[in-house]
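**Q** So that you have it, the file is run.cif, and it contains mmCIF, C-alpha atoms and all ligand atoms:
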```cif
data_my_file
#
loop_
_atom_site.label_atom_id
_atom_site.label_comp_id
_atom_site.auth_asym_id
_atom_site.auth_seq_id
_atom_site.Cartn_x
_atom_site.Cartn_y
_atom_site.Cartn_z
CA MET N 1 1.80 -63.83 -42.34
CA LYS N 2 2.36 -61.46 -39.47
CA ILE N 3 5.23 -61.73 -36.98
CA LYS N 4 3.64 -62.44 -33.63
CA ALA N 5 6.59 -62.95 -31.29
CA VAL N 6 10.38 -62.61 -31.23
CA ASP N 7 11.84 -64.46 -28.26
CA PRO N 8 15.51 -64.57 -27.30
CA PHE N 9 16.63 -67.42 -25.01
CA TYR N 10 19.80 -67.46 -22.94
CA LEU N 11 21.26 -70.92 -22.36
CA ARG N 12 24.45 -71.82 -20.55
CA MET N 13 26.54 -74.63 -19.13
CA PRO N 14 26.75 -74.83 -15.31
CA ASN N 15 30.38 -73.68 -15.28
CA ILE N 16 31.78 -71.07 -17.65
CA THR N 17 35.56 -70.98 -18.06
CA THR N 18 38.02 -68.68 -19.85
CA ALA N 19 38.76 -71.30 -22.54
CA ALA N 20 38.18 -69.96 -26.08
CA ASP N 21 35.16 -72.25 -26.35
CA GLY N 22 32.12 -70.43 -27.69
CA THR N 23 29.81 -73.36 -26.99
CA GLN N 24 29.65 -72.76 -23.23
CA ASP N 25 26.61 -70.56 -23.59
CA THR N 26 24.45 -69.23 -26.37
CA LEU N 27 21.63 -66.96 -27.45
CA LEU N 28 18.83 -68.60 -29.44
CA VAL N 29 16.14 -66.56 -31.14
CA ARG N 30 12.71 -67.91 -31.97
CA VAL N 31 10.38 -65.98 -34.28
CA ARG N 32 6.71 -66.95 -34.37
CA THR N 33 4.05 -65.97 -36.88
CA ASP N 34 0.27 -65.85 -36.73
CA THR N 35 0.06 -68.92 -39.02
CA GLY N 36 1.83 -71.14 -36.50
CA LEU N 37 5.05 -71.25 -38.51
CA GLU N 38 8.15 -70.53 -36.46
CA GLY N 39 11.85 -70.24 -37.15
CA TRP N 40 15.04 -70.34 -35.10
CA GLY N 41 18.44 -68.72 -35.24
CA GLU N 42 21.58 -68.63 -33.09
CA CYS N 43 23.95 -65.74 -32.41
CA ASP N 44 27.68 -66.08 -31.79
CA ALA N 45 28.33 -63.08 -29.55
CA SER N 46 27.95 -62.19 -25.90
CA PRO N 47 24.43 -63.58 -25.30
CA LEU N 48 23.22 -61.13 -22.69
CA VAL N 49 24.58 -58.06 -24.46
CA SER N 50 22.78 -59.29 -27.59
CA MET N 51 19.62 -60.03 -25.63
CA ALA N 52 19.50 -56.39 -24.54
CA VAL N 53 19.36 -55.39 -28.21
CA TYR N 54 16.07 -57.30 -28.44
CA CYS N 55 14.40 -55.52 -25.56
CA CYS N 56 16.18 -52.32 -24.46
CA PRO N 57 13.79 -49.40 -24.04
CA MET N 58 13.97 -46.89 -26.87
CA SER N 59 16.53 -44.12 -26.34
CA HIS N 60 15.58 -42.16 -29.47
CA GLY N 61 14.77 -42.84 -33.10
CA ASN N 62 18.13 -44.51 -33.79
CA ILE N 63 18.03 -46.84 -30.78
CA ILE N 64 14.93 -48.97 -31.16
CA ASP N 65 15.11 -52.61 -30.13
CA ILE N 66 14.75 -55.53 -32.54
CA ARG N 67 11.47 -56.84 -31.15
CA THR N 68 9.81 -53.48 -31.58
CA SER N 69 11.03 -53.35 -35.18
CA LEU N 70 9.76 -56.83 -36.08
CA ILE N 71 6.58 -57.62 -34.15
CA GLY N 72 3.43 -57.00 -36.18
CA GLU N 73 5.36 -56.88 -39.47
CA THR N 74 4.35 -58.77 -42.63
CA LEU N 75 6.53 -61.73 -43.59
CA ASP N 76 5.62 -63.51 -46.82
CA SER N 77 8.68 -63.60 -49.09
CA PRO N 78 12.48 -63.28 -49.24
CA ASP N 79 11.93 -59.62 -50.15
CA ASP N 80 10.25 -59.15 -46.79
CA VAL N 81 13.34 -60.52 -45.05
CA LEU N 82 15.49 -57.98 -46.89
CA ARG N 83 13.04 -55.17 -46.10
CA LEU N 84 12.88 -56.09 -42.42
CA SER N 85 16.67 -56.30 -42.19
CA GLU N 86 16.90 -52.75 -43.49
CA LYS N 87 14.31 -51.61 -40.98
CA VAL N 88 15.98 -53.31 -38.01
CA LEU N 89 19.43 -51.96 -38.90
CA ARG N 90 18.04 -48.46 -39.51
CA ASN N 91 16.13 -48.46 -36.22
CA GLY N 92 19.24 -49.72 -34.44
CA LEU N 93 21.63 -47.31 -36.15
CA ASP N 94 23.32 -46.34 -32.88
CA ILE N 95 23.25 -49.77 -31.25
CA GLN N 96 26.81 -51.01 -31.62
CA GLN N 97 25.99 -54.72 -31.44
CA ILE N 98 23.00 -54.54 -33.77
CA GLN N 99 24.40 -56.85 -36.50
CA HIS N 100 25.60 -59.41 -34.00
CA ALA N 101 22.28 -59.50 -32.20
CA TYR N 102 20.09 -59.35 -35.28
CA SER N 103 21.87 -62.38 -36.81
CA GLY N 104 19.70 -64.77 -34.80
CA ALA N 105 16.42 -63.17 -35.87
CA GLU N 106 17.51 -62.84 -39.51
CA ILE N 107 18.37 -66.53 -39.64
CA ALA N 108 14.99 -67.36 -38.06
CA LEU N 109 13.19 -65.25 -40.70
CA TRP N 110 14.85 -67.26 -43.49
CA ASP N 111 13.90 -70.47 -41.71
CA ILE N 112 10.25 -69.36 -41.69
CA ILE N 113 10.19 -68.25 -45.34
CA GLY N 114 11.77 -71.54 -46.43
CA LYS N 115 9.12 -73.47 -44.52
CA LYS N 116 6.34 -71.32 -45.97
CA LEU N 117 7.59 -71.72 -49.56
CA ASP N 118 8.57 -75.36 -48.96
CA LYS N 119 12.18 -74.81 -50.07
CA PRO N 120 15.60 -75.07 -48.44
CA VAL N 121 17.12 -71.68 -47.74
CA TYR N 122 19.97 -72.27 -50.20
CA CYS N 123 17.36 -72.54 -53.00
CA LEU N 124 15.85 -69.21 -51.99
CA LEU N 125 19.31 -67.62 -52.15
CA ALA N 126 19.92 -69.17 -55.57
CA GLU N 127 16.62 -67.75 -56.86
CA LEU N 128 17.35 -64.31 -55.46
CA SER N 129 20.82 -64.18 -57.02
CA GLY N 130 19.98 -65.97 -60.25
CA THR N 131 22.62 -68.63 -59.64
CA SER N 132 22.72 -72.44 -59.58
CA ASP N 133 20.54 -74.20 -57.04
CA VAL N 134 22.59 -77.42 -57.04
CA ALA N 135 24.11 -78.10 -53.62
CA HIS N 136 27.53 -79.73 -53.28
CA PRO N 137 28.96 -81.79 -50.42
CA LYS N 138 31.56 -80.28 -48.12
CA LEU N 139 34.60 -81.82 -46.47
CA PRO N 140 34.12 -81.23 -42.74
CA TYR N 141 37.15 -80.21 -40.80
CA ALA N 142 36.98 -80.92 -37.11
CA SER N 143 37.46 -77.67 -35.29
CA VAL N 144 39.21 -78.06 -31.96
CA LEU N 145 41.48 -76.18 -29.59
CA PHE N 146 45.17 -77.04 -29.23
CA GLY N 147 46.03 -79.13 -26.21
CA ASP N 148 48.02 -77.37 -23.50
CA THR N 149 51.16 -79.12 -24.70
CA PRO N 150 52.39 -80.70 -27.94
CA GLU N 151 51.78 -84.12 -26.38
CA ALA N 152 48.17 -83.26 -25.54
CA THR N 153 47.72 -81.88 -29.05
CA TYR N 154 49.06 -85.11 -30.55
CA HIS N 155 46.56 -87.02 -28.45
CA ILE N 156 43.66 -84.86 -29.67
CA ALA N 157 44.79 -85.14 -33.28
CA SER N 158 45.20 -88.91 -33.25
CA GLY N 159 41.76 -89.20 -31.63
CA LEU N 160 40.22 -87.18 -34.48
CA ARG N 161 42.03 -89.34 -37.00
CA GLU N 162 40.62 -92.47 -35.35
CA GLN N 163 37.14 -90.93 -35.61
CA GLY N 164 37.70 -90.73 -39.37
CA TYR N 165 38.25 -87.01 -39.86
CA ARG N 166 40.26 -86.21 -42.98
CA ALA N 167 40.78 -82.61 -41.94
CA ALA N 168 41.10 -80.78 -38.64
CA LYS N 169 41.84 -77.31 -37.40
CA PHE N 170 43.76 -76.66 -34.20
CA GLY N 171 43.58 -73.28 -32.57
CA TRP N 172 44.12 -70.88 -29.70
CA GLY N 173 45.33 -72.32 -26.38
CA PRO N 174 49.14 -72.10 -26.09
CA MET N 175 49.80 -71.03 -29.71
CA GLY N 176 51.93 -67.88 -29.70
CA LYS N 177 52.05 -67.70 -25.91
CA PHE N 178 55.56 -69.08 -25.47
CA ASP N 179 58.43 -69.31 -27.97
CA ALA N 180 58.76 -70.24 -31.62
CA ALA N 181 59.97 -73.73 -30.74
CA ASN N 182 56.78 -74.43 -28.80
CA ASP N 183 54.61 -73.09 -31.61
CA ILE N 184 56.37 -75.33 -34.11
CA ALA N 185 56.13 -78.34 -31.77
CA LEU N 186 52.36 -77.78 -31.51
CA VAL N 187 51.94 -77.81 -35.29
CA ARG N 188 54.22 -80.82 -35.66
CA ALA N 189 52.12 -82.68 -33.10
CA ALA N 190 48.92 -81.80 -34.97
CA ARG N 191 50.42 -83.05 -38.23
CA GLU N 192 51.83 -86.25 -36.76
CA GLY N 193 48.58 -87.01 -34.94
CA MET N 194 46.44 -86.48 -38.04
CA GLY N 195 48.87 -88.25 -40.40
CA THR N 196 50.31 -87.14 -43.71
CA ASP N 197 47.15 -87.68 -45.77
CA ALA N 198 44.92 -85.35 -43.76
CA GLN N 199 44.47 -81.63 -44.12
CA ILE N 200 45.41 -79.58 -41.07
CA MET N 201 44.68 -75.93 -40.43
CA ILE N 202 46.29 -73.71 -37.80
CA ASP N 203 44.34 -71.01 -35.97
CA ALA N 204 46.66 -68.61 -34.15
CA GLY N 205 43.74 -66.93 -32.38
CA VAL N 206 44.80 -63.29 -33.10
CA VAL N 207 47.85 -63.83 -30.91
CA TRP N 208 50.36 -61.63 -32.78
CA GLY N 209 48.17 -58.53 -32.82
CA VAL N 210 49.69 -56.23 -35.47
CA ASP N 211 53.10 -57.98 -35.54
CA TYR N 212 53.00 -59.25 -39.12
CA GLU N 213 56.74 -60.04 -39.12
CA THR N 214 56.32 -62.69 -36.45
CA ALA N 215 53.22 -63.98 -38.23
CA TYR N 216 55.25 -64.26 -41.44
CA GLN N 217 58.09 -66.08 -39.67
CA ARG N 218 55.65 -68.58 -38.16
CA ALA N 219 53.95 -69.16 -41.50
CA GLU N 220 57.35 -69.97 -43.01
CA ALA N 221 58.24 -72.24 -40.10
CA PHE N 222 54.90 -74.08 -40.27
CA ALA N 223 55.16 -74.64 -44.03
CA GLN N 224 57.12 -77.89 -43.51
CA PHE N 225 53.91 -79.39 -42.06
CA SER N 226 51.80 -78.27 -45.05
CA PRO N 227 48.86 -76.68 -43.26
CA THR N 228 46.03 -75.59 -45.56
CA TRP N 229 46.08 -72.16 -43.93
CA LEU N 230 47.28 -70.06 -41.02
CA GLU N 231 44.20 -68.45 -39.52
CA GLU N 232 43.88 -65.15 -37.69
CA PRO N 233 47.56 -64.61 -36.92
CA LEU N 234 46.66 -60.93 -36.39
CA ALA N 235 43.92 -58.88 -34.73
CA PRO N 236 40.59 -58.80 -36.61
CA ASP N 237 40.88 -55.12 -37.52
CA ALA N 238 44.63 -55.08 -38.21
CA ILE N 239 43.86 -54.63 -41.89
CA GLU N 240 47.11 -52.84 -42.78
CA ALA N 241 49.12 -55.53 -41.02
CA TYR N 242 47.19 -58.24 -42.89
CA GLY N 243 47.95 -56.38 -46.11
CA ALA N 244 51.66 -56.22 -45.24
CA LEU N 245 51.68 -59.91 -44.31
CA THR N 246 49.97 -61.14 -47.47
CA GLN N 247 52.17 -58.83 -49.60
CA LYS N 248 55.11 -60.90 -48.38
CA ASP N 249 53.44 -63.94 -49.94
CA PRO N 250 53.93 -66.38 -47.05
CA SER N 251 54.36 -70.06 -47.85
CA VAL N 252 51.18 -70.90 -45.94
CA PRO N 253 48.01 -69.08 -47.15
CA ILE N 254 46.43 -66.67 -44.67
CA ALA N 255 42.82 -67.02 -43.51
CA ALA N 256 40.71 -64.56 -41.48
CA GLY N 257 37.32 -62.95 -41.31
CA GLU N 258 35.44 -64.46 -38.38
CA GLY N 259 35.81 -61.12 -36.59
CA SER N 260 33.83 -59.37 -39.33
CA ASN N 261 30.91 -57.75 -37.55
CA THR N 262 29.61 -56.30 -40.80
CA TYR N 263 29.81 -56.95 -44.53
CA ARG N 264 32.06 -53.89 -44.79
CA MET N 265 34.64 -55.38 -42.42
CA ALA N 266 34.71 -58.57 -44.47
CA GLU N 267 35.17 -56.54 -47.64
CA ASP N 268 38.08 -54.74 -46.00
CA ILE N 269 39.92 -57.91 -45.07
CA ILE N 270 39.41 -59.33 -48.57
CA VAL N 271 40.26 -56.21 -50.59
CA HIS N 272 42.92 -54.63 -48.35
CA GLY N 273 43.95 -57.54 -46.14
CA GLY N 274 44.55 -59.81 -49.12
CA VAL N 275 43.49 -63.04 -47.38
CA ALA N 276 43.24 -66.27 -49.37
CA PHE N 277 40.37 -67.68 -47.28
CA VAL N 278 37.60 -65.54 -45.81
CA GLN N 279 35.79 -67.06 -42.85
CA ILE N 280 32.37 -65.68 -42.04
CA ASP N 281 30.10 -66.35 -39.10
CA ALA N 282 26.46 -65.96 -40.12
CA GLY N 283 25.65 -65.60 -36.42
CA ARG N 284 27.79 -62.47 -36.14
CA ILE N 285 27.77 -60.56 -39.39
CA GLY N 286 24.01 -59.97 -39.44
CA GLY N 287 22.74 -63.32 -40.64
CA ILE N 288 22.46 -65.25 -43.88
CA MET N 289 22.16 -62.46 -46.45
CA PRO N 290 25.30 -60.47 -45.52
CA SER N 291 27.18 -63.79 -45.37
CA PHE N 292 25.91 -64.63 -48.86
CA GLN N 293 27.09 -61.22 -50.09
CA VAL N 294 30.58 -61.96 -48.74
CA ARG N 295 30.46 -65.32 -50.52
CA GLN N 296 29.71 -63.47 -53.77
CA LEU N 297 32.59 -61.05 -53.12
CA ALA N 298 34.91 -64.00 -52.52
CA GLU N 299 33.82 -65.45 -55.86
CA GLN N 300 34.61 -62.15 -57.59
CA HIS N 301 38.06 -62.03 -55.98
CA GLY N 302 38.92 -65.65 -56.66
CA ILE N 303 39.44 -66.53 -53.00
CA GLN N 304 37.75 -69.23 -50.94
CA TYR N 305 34.77 -68.65 -48.66
CA VAL N 306 34.62 -70.81 -45.54
CA ASN N 307 32.10 -70.74 -42.72
CA HIS N 308 33.11 -69.89 -39.19
CA THR N 309 31.03 -72.00 -36.84
CA PHE N 310 31.86 -72.73 -33.24
CA LYS N 311 28.34 -73.19 -31.94
CA SER N 312 25.62 -75.79 -32.42
CA HIS N 313 24.39 -77.50 -35.58
CA LEU N 314 21.71 -74.80 -35.83
CA SER N 315 24.56 -72.41 -36.60
CA LEU N 316 26.09 -75.04 -38.86
CA ALA N 317 22.82 -75.22 -40.84
CA SER N 318 22.61 -71.47 -41.34
CA SER N 319 26.29 -71.38 -42.37
CA LEU N 320 25.96 -74.22 -44.83
CA HIS N 321 23.03 -72.78 -46.79
CA VAL N 322 25.14 -69.70 -47.54
CA PHE N 323 27.69 -71.53 -49.70
CA ALA N 324 26.16 -74.93 -50.40
CA THR N 325 25.86 -74.17 -54.10
CA ASN N 326 29.53 -73.33 -54.72
CA ARG N 327 31.39 -76.52 -55.63
CA ASP N 328 34.84 -74.98 -55.16
CA PHE N 329 34.12 -73.74 -51.64
CA ASP N 330 34.50 -77.27 -50.40
CA LEU N 331 35.61 -76.97 -46.76
CA LEU N 332 33.22 -76.80 -43.82
CA GLU N 333 34.13 -75.86 -40.29
CA TYR N 334 32.47 -78.60 -38.29
CA PRO N 335 32.21 -78.24 -34.51
CA ALA N 336 33.67 -81.47 -33.18
CA ALA N 337 34.18 -80.92 -29.48
CA GLY N 338 31.48 -78.57 -28.24
CA SER N 339 29.67 -78.52 -24.91
CA GLU N 340 26.78 -80.87 -24.10
CA LEU N 341 24.50 -77.91 -24.65
CA SER N 342 25.73 -77.35 -28.19
CA GLN N 343 25.61 -81.07 -29.00
CA CYS N 344 22.01 -81.60 -27.91
CA LEU N 345 20.56 -78.40 -29.35
CA VAL N 346 19.12 -79.85 -32.57
CA THR N 347 17.23 -83.13 -32.83
CA GLU N 348 19.25 -84.40 -35.79
CA PRO N 349 22.78 -83.03 -36.14
CA PHE N 350 24.50 -83.09 -39.53
CA PRO N 351 26.15 -86.48 -39.89
CA VAL N 352 29.50 -87.03 -41.53
CA GLU N 353 28.31 -89.41 -44.25
CA SER N 354 29.95 -92.64 -45.37
CA ASP N 355 31.97 -90.78 -48.02
CA GLY N 356 33.36 -88.50 -45.31
CA MET N 357 31.32 -85.52 -46.48
CA VAL N 358 28.57 -83.32 -45.00
CA ARG N 359 25.56 -82.23 -47.05
CA VAL N 360 23.01 -79.49 -46.60
CA LYS N 361 19.58 -80.89 -45.67
CA GLU N 362 17.07 -81.00 -48.51
CA LEU N 363 14.29 -79.84 -46.23
CA PRO N 364 12.27 -76.62 -46.05
CA GLY N 365 13.94 -73.72 -44.26
CA LEU N 366 17.18 -74.47 -42.43
CA GLY N 367 16.24 -78.15 -42.18
CA VAL N 368 16.93 -78.60 -38.47
CA ASP N 369 14.60 -78.76 -35.47
CA ILE N 370 15.39 -77.54 -31.97
CA ASP N 371 15.30 -80.17 -29.23
CA THR N 372 13.50 -78.03 -26.67
CA GLU N 373 13.28 -80.88 -24.15
CA ALA N 374 17.03 -81.53 -24.26
CA ILE N 375 18.06 -77.89 -23.91
CA ARG N 376 15.53 -76.88 -21.25
CA PRO N 377 17.89 -77.73 -18.34
CA TYR N 378 20.38 -75.21 -19.74
CA LEU N 379 17.89 -72.35 -19.92
CA ALA N 380 18.86 -69.48 -17.61
CA PRO N 381 15.72 -67.35 -17.23
CA VAL N 382 16.31 -63.64 -17.61
CA ARG N 383 14.21 -60.79 -16.32
CA ILE N 384 15.17 -57.15 -16.88
CA GLU N 385 13.71 -54.41 -14.73
CA VAL N 386 14.18 -50.72 -15.33
CA GLY N 387 12.86 -48.19 -12.86
CA GLY N 388 10.73 -50.85 -11.24
CA ASP N 389 9.10 -51.87 -14.54
CA THR N 390 9.78 -55.25 -16.12
CA VAL N 391 10.94 -54.50 -19.67
CA PHE N 392 11.74 -58.12 -20.50
CA GLU N 393 10.90 -61.49 -19.04
CA GLN N 394 12.09 -64.55 -20.87
CA THR N 395 9.41 -66.85 -22.21
CA LEU N 396 9.76 -70.46 -21.15
CA LEU N 397 10.75 -72.93 -23.83
MG MG N 401 39.26 -68.97 -35.74
#
```
Rewrite the structure of this file - the entire thing - as structure tokens.
**A**
Amino acid sequence: MKIKAVDPFYLRMPNITTAADGTQDTLLVRVRTDTGLEGWGECDASPLVSMAVYCCPMSHGNIIDIRTSLIGETLDSPDDVLRLSEKVLRNGLDIQQIQHAYSGAEIALWDIIGKKLDKPVYCLLAELSGTSDVAHPKLPYASVLFGDTPEATYHIASGLREQGYRAAKFGWGPMGKFDAANDIALVRAAREGMGTDAQIMIDAGVVWGVDYETAYQRAEAFAQFSPTWLEEPLAPDAIEAYGALTQKDPSVPIAAGEGSNTYRMAEDIIVHGGVAFVQIDAGRIGGIMPSFQVRQLAEQHGIQYVNHTFKSHLSLASSLHVFATNRDFDLLEYPAAGSELSQCLVTEPFPVESDGMVRVKELPGLGVDIDTEAIRPYLAPVRIEVGGDTVFEQTLL
């Protein structure tokens, strides 16, 4: 097969707000081959900045856009995906958002190879790594933002409980913005709304920066509500502060990693940050393979790998294939309150099954199809002109 086209698509909701809701817009990437097979991927980063990485005119030999690197290339096997990833990253050596942007194309390449070889992506990863190809169900945790107040948070939590969720994560919003009493009231409301049997997770949304003492105090204060973890209490690159925090052995385990733009950053937060849960976004770190490598590192270090997914079920699919075959990595971040755009993006979202679990789809590739009709109203056509020449014009869906 030859790669015939690499098309990024910018989609957005009519109104974009400052809420920490990454489903308000998105960048999809479609890769087409000369056999008619096509694949899709989704990036979780600034869509238009990432789009530029697909089409910016060459600056020199270390700034070559992703489309130029991929179009015309041979794509027949998983080895080709690895080879092309090397080429794209080498050609984009001096493009700072190269991993973020390339994530969408990398995921699409895996989707195509899975379809060609008639295997789910997780099976291809198992073959490559010589590990088990048995997939295990995951417990989905609903991933939502805190309400503006403890009362609003209680309302959200009890609603999730009524929907049958056995686990939920509450994040961002007012957490850390006021005083300790308010922070504690927010977590109490989440616990009371979800009930004592459920798992709750707390996402502090990087609010304490490098202040690991405050993060430690909050972890101790939240322990009475038994959260599974305290997530991102500190800035993504505050590795020394993470190390100092985890050295104090807080009563609530620390989770982080969604800010890892590269495998190396994830390694840093595992090895030097000492986190108990590492959370990786396949749509940021460069796609499925670097995510899988972090999963393997987590296995070596005896910590738990969890996906970070706050996009559509296309992103959920790519995340799930990465760790489907590890029975112990049993938690799945499951977008539960995304925009209409994110909810209509695939034709058949992953259901929470009757046993309360979510399973990877036993279908070739990622196992999801894009609902192009449903998302077309959200398409915001982009045209980029430089010096009077059109360097990019978005293909219609
Ligand atoms: Mg988070």
**Q** How would you report the residues lying within 12 Å of ligand MG 401 (chain N), as number ranges by chain, if you count all atoms listed in the file?
**A** N: 20-22, 143-146, 169-173, 201-207, 229-236, 254-260, 277-281, 306-310, 333, 335
**Q** Which residues are near Lys138 of chain N? Cut-off 6 Å, only C-alpha atoms, ignore same chain within fewer than 2 positions. Put them as a list in words.
**A**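 In the requested format, the answer is Asp330, Leu331, Leu332, Met357 and Val358 of chain N.
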**Q** Which value, in Å to one decimal, gives the distance between atom CA of Gly338 of chain N and atom CA of His313 of chain N?
**A**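 So the answer is 10.3 Å.
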**Q** Which residue gives the smallest distance to Gly159 of chain N among N:Gly209, N:Pro381, N:Gly195, N:Gly283, with all atoms listed in the file counted?
**A**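 Comparing N:Gly209, N:Pro381, N:Gly195, N:Gly283 against Gly159 of chain N, the winner is N:Gly195.
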**Q** Excluding Gln224 of chain N and any residue of its chain fewer than 2 positions from it, enumerate the residues within 10 Å of it, using all atoms listed in the file, and give them as a list in words.
**A**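 The contact residues come out as Ile184, Val187, Arg188, Arg191, Ala219, Glu220, Ala221, Phe222, Ser226, Pro227, Ser251 and Val252 of chain N.
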**Q** Within 6 Å of segment 106-109 of chain N, which residues of segment 16-43 of chain N show up? Give each one with its shortest atom-to-atom distance in Å (one decimal) and the two atoms involved, counting only C-alpha atoms, rows by chain then rising residue number, as JSON lines.
**A**
```
{"residue": "N:Gly39", "atom": "CA", "partner": "N:Ala108", "partner_atom": "CA", "distance": 4.4}
{"residue": "N:Trp40", "atom": "CA", "partner": "N:Ala108", "partner_atom": "CA", "distance": 4.2}
{"residue": "N:Gly41", "atom": "CA", "partner": "N:Ala108", "partner_atom": "CA", "distance": 4.7}
```
**Q** With distances taken over all atoms listed in the file, which residue among N:Arg284, N:Tyr122, N:Arg376, N:Ala52 lies nearest His136 of chain N?
**A**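 Closest to His136 of chain N of all the choices is N:Tyr122.
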**Q** Measuring between all atoms listed in the file, which one of N:Met289, N:Leu363, N:Ala5, N:Ala189 shows the shortest distance to Glu86 of chain N?
**A**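 The closest residue to Glu86 of chain N is N:Met289.
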**Q** Quick one: everything within 12 Å of Val31 of chain N, counting only C-alpha atoms, minus sequence neighbours fewer than 4 positions away in the same chain. Send it as an NGL selection string.
**A** :N and (1-9 or 35-42 or 54 or 66-67 or 70-73 or 75 or 102 or 104-113)
